[in-house]
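Engineer: Please find one structure pasted underneath; my questions will follow.
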Amino acid sequence: MRVGTFVLAAQFPGQGQGEALHRAVRTAEVAEEAGLDSVWLAEHHFVPYGVCPSAVTLAALLLGRTRRLRVGTAVSVLPTVHPVALGEQAALLHLTSGGRFTLGVGRGGPWVDLEVFGAGLPAYEKGFPESLDLLLRWLTEPRVGTEGERFAFREVPVVPRPDELIGGAAVPEVVVACTSPKSVRLAAERGLPMLLGMHCGDEDKAEMVAAWARCAREAGRDPDEIARIGAGHVSAGVAQLADRGADAAEALVKAMPGWLRQGLDAHVTVDGRHRAMRDPVAYTELLCGLHPVGTPRLAADRLAATAERTGITRFALLAEGSGDLAATEENVRRLGAEVLPLLV
């Protein structure tokens with residue numbers, strides 16, 4: 001079982017943006033010290049929900065600050081970036097980190113980001129498959145040209161080529177954030193593992209894993225390949241540890257609703273459509289019930305249960321839910337010292 005931490009760089013009420021980013025960096029540094037497997041970095045624009053606008057840039061910093069930890073994006077939003085530019089960055093981090101970089105990609109939302117970056121609503125509504133395919137070509141072919149609906153350019157050489165990593169994987173690992181049957185099928189057809197969100201319970205995640213495997217079979221993949229790729233699925237969640245389970249839940253219920261309220265309310269749609277946001281208190285309570293929030297023993301039991309029910313053995317756990325730097329560092333250290341040994 002591989003347990004990592006999920007970093008949103010959340011700006012809690014009363015905090016500055018630099019404070020949130022400092023906590024994000026320290027979370028990753030402590031995760032390596034604590035023996036966690038990985039750190040996963042979120043990307044958002046113009047909202048305090050998360051103040052990291054470029055997950056791949058922060059990944060570069062953290063790969064330089066660490067020596068063992070795998071660093072992934074969760075996710076880099078494809079509709080607002082050129083897939084060749086992202087592919088070049090991914091190849092660069094793959095080669096210079098010795099293969100420790102994972103590129104997580106997703107469709108994002110219908111936010112004003114699409115207007116600011118000039119992508120437009122069609123890039124979100126129908127352009128994701130074209131962007132993903134171009135990205136995958138860039139990571140696997142020596143030369144790439146395209147005549148697509150959104151992207152068209154003459155053939156150019158891929159520099160740097162990710163397959164020049166000595167003694168490592170030929171390409172950086174790519175995972176796809178999946179929130180719908182359409183994205184599940186897309187990931188399965190492309191032979192890519194899924195990143196499943198923290199709002200989903202075990203039953204929903206098990207159904208998505210089963211649907212992914214079914215789509216992969218329909219795409220002609222054999223059982224061994226399906227098992228190998230499926231071992232890369234990632235389950236996102238929340239982790240908060242305390243000697244008493246009630247104290248862990250109380251820490252999140254006190255802190256997270258304020259952050260969620262200001263962070264979610266700040267999202268603006270590109271076309272003025274109404275988006276109903278979750279009730280912050282109810283959502284926090286939901287997360288406490290779904291994920292490893294409680295004593296270390298309860299946390300280990302919940303992770304083991306999720307693995308048994310879904311088949312997923314990789315986890316990206318949000319540890320900054322208290323909003324406090326010292327408490328976040330302690331939470332990550334306890335994950336490594338008190339939970340990981342129970343999962344062996």
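Every chain in the structure tokens has a letter given in the order shown (A, B, ...), and although residue numbers restart at 1 in each chain, ligands are simply numbered from 1 in the order shown.
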If we count only C-alpha atoms and set the cut-off at 9 Å, which residues sit around range 32-36 of chain A, ignoring sequence neighbours fewer than 4 positions away in its own chain? Please answer as a VMD selection string.

Structural biologist: chain A and resid 2 to 5 27 to 28 66 to 69 332 to 337 340

Engineer: Using only C-alpha atoms, which protein or nucleic acid residues come within 10 Å of range 41-44 of chain A? Drop anything in the same chain fewer than 6 positions from it, and give the result as an MDAnalysis selection string.

Structural biologist: chainID A and resid 5:10 24 28 50:59 71:77 104 108 113 267 316

Engineer: Go through range 240-282 of chain A and collect every residue that DSSP, computed from the backbone, puts in alpha helix (DSSP H); the answer should be as a list in words.

Structural biologist: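 Answer for range 240-282 of chain A, restricted to alpha helix (DSSP H): Gly245, Ala246, Asp247, Ala248, Ala249, Glu250, Ala251, Leu252, Val253, Lys254, Ala255, Met256, Pro257, Gly258, Trp259, Leu260, Arg261, Gln262, Gly263, Leu264, Asp265, Pro280, Val281 and Ala282 of chain A.
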
Engineer: Among the residues of range 68-290 of chain A, find those DSSP assigns to strand (DSSP E) from the backbone and print them as a PyMOL selection string.

Structural biologist: chain A and resi 70-73+76-77+101-106+143-147+152-157+173-178+194-196+234-238+240-241

Engineer: List as CSV every residue of range 78-151 of chain A that is in contact with range 164-173 of chain A, defined as an atom at most 6 Å from one of its atoms (using only C-alpha atoms), together with the nearest atom pair and the distance in Å rounded to one decimal, sorted by chain and then rising number.

Structural biologist:
residue,atom,partner,partner_atom,distance
A:His94,CA,A:Pro172,CA,5.6
A:Leu95,CA,A:Leu165,CA,5.4
A:Thr102,CA,A:Glu173,CA,4.8

Engineer: List as a VMD selection string the protein and nucleic acid residues near range 119-135 of chain A, meaning an atom at most 10 Å away when only C-alpha atoms are counted, but skip any in the same chain fewer than 5 places from it.

Structural biologist: chain A and resid 77 to 88 90 105 to 114 140 144 to 146 148 to 151 174 176 183 186 to 187 190 269 to 271

Engineer: Of the residues A:Arg244, A:His274, A:Lys254, A:His199, which is the one nearest to Leu286 in chain A, using only C-alpha atoms?

Structural biologist: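 Among the listed residues, A:His199 lies closest to Leu286 in chain A.
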
Engineer: Using only C-alpha atoms for the distances, tell me which of A:Val339, A:Leu317, A:Val344, A:Ala251 is nearest to Arg297 in chain A.

Structural biologist: A:Val339

Engineer: Which residue out of A:Leu252, A:Leu325, A:Leu343, A:Leu287 has the minimum interatomic distance to Ala304 in chain A when only C-alpha atoms are used?

Structural biologist: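 Result for the nearest residue to Ala304 in chain A: A:Leu343.
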
Engineer: Residues within 10 Å of range 308-311 of chain A, please, as a ChimeraX atom specification. Count only C-alpha atoms; anything in the same chain fewer than 6 positions from it doesn't count.

Structural biologist: /A:201-210,230-231,233,235,302

Engineer: As an exercise, work out the distance from CA of Pro181 in chain A to CA of Gly232 in chain A in Å and give it to one decimal place.

Structural biologist: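 Distance reported for this atom pair: 18.5 Å.
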
Engineer: For each of A:Val39, A:Val234, A:Ala91, A:Cys215, take the minimum atom-to-atom distance to Met198 in chain A, counting only C-alpha atoms, then give the residue where this is smallest.

Structural biologist: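 Looking only at the distances to Met198 in chain A, the closest residue turns out to be A:Val234.
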
Engineer: Restricting the calculation to only C-alpha atoms: of A:Arg278, A:Gln240, A:Leu290, A:Ile226, which residue gets closest to Thr328 in chain A?

Structural biologist: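 Nearest to Thr328 in chain A: A:Gln240.
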
Engineer: Of the residues A:Pro157, A:Gly64, A:Gly98, A:Pro162, which is the one nearest to Val25 in chain A, using only C-alpha atoms?

Structural biologist: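 Selected residue with least distance to Val25 in chain A: A:Gly64.
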
Engineer: Using only C-alpha atoms, determine which residues lie at most 8 Å from Gly191 in chain A, disregarding the query and same-chain residues fewer than 3 positions distant; provide the list as an MDAnalysis selection string.

Structural biologist: chainID A and resid 187:188 216 229

Engineer: If you keep N, CA, C and O atoms, can you produce a file of those selected residues as a JSON list (two decimals), in the first residue's frame?

Structural biologist:
[["chain", "number", "residue", "atom", "x", "y", "z"],
["A", 187, "ALA", "N", -10.02, 7.30, -19.83],
["A", 187, "ALA", "CA", -8.81, 6.81, -19.18],
["A", 187, "ALA", "C", -8.56, 5.34, -19.53],
["A", 187, "ALA", "O", -7.43, 4.94, -19.82],
["A", 188, "ALA", "N", -9.62, 4.54, -19.52],
["A", 188, "ALA", "CA", -9.47, 3.12, -19.81],
["A", 188, "ALA", "C", -9.02, 2.89, -21.25],
["A", 188, "ALA", "O", -8.12, 2.06, -21.51],
["A", 216, "ALA", "N", -11.71, -1.04, -20.40],
["A", 216, "ALA", "CA", -10.38, -1.47, -20.84],
["A", 216, "ALA", "C", -10.46, -2.79, -21.60],
["A", 216, "ALA", "O", -9.78, -2.98, -22.62],
["A", 229, "ILE", "N", -2.04, -1.78, -15.09],
["A", 229, "ILE", "CA", -2.42, -0.37, -15.13],
["A", 229, "ILE", "C", -3.31, -0.02, -13.95],
["A", 229, "ILE", "O", -3.15, 1.03, -13.30]]
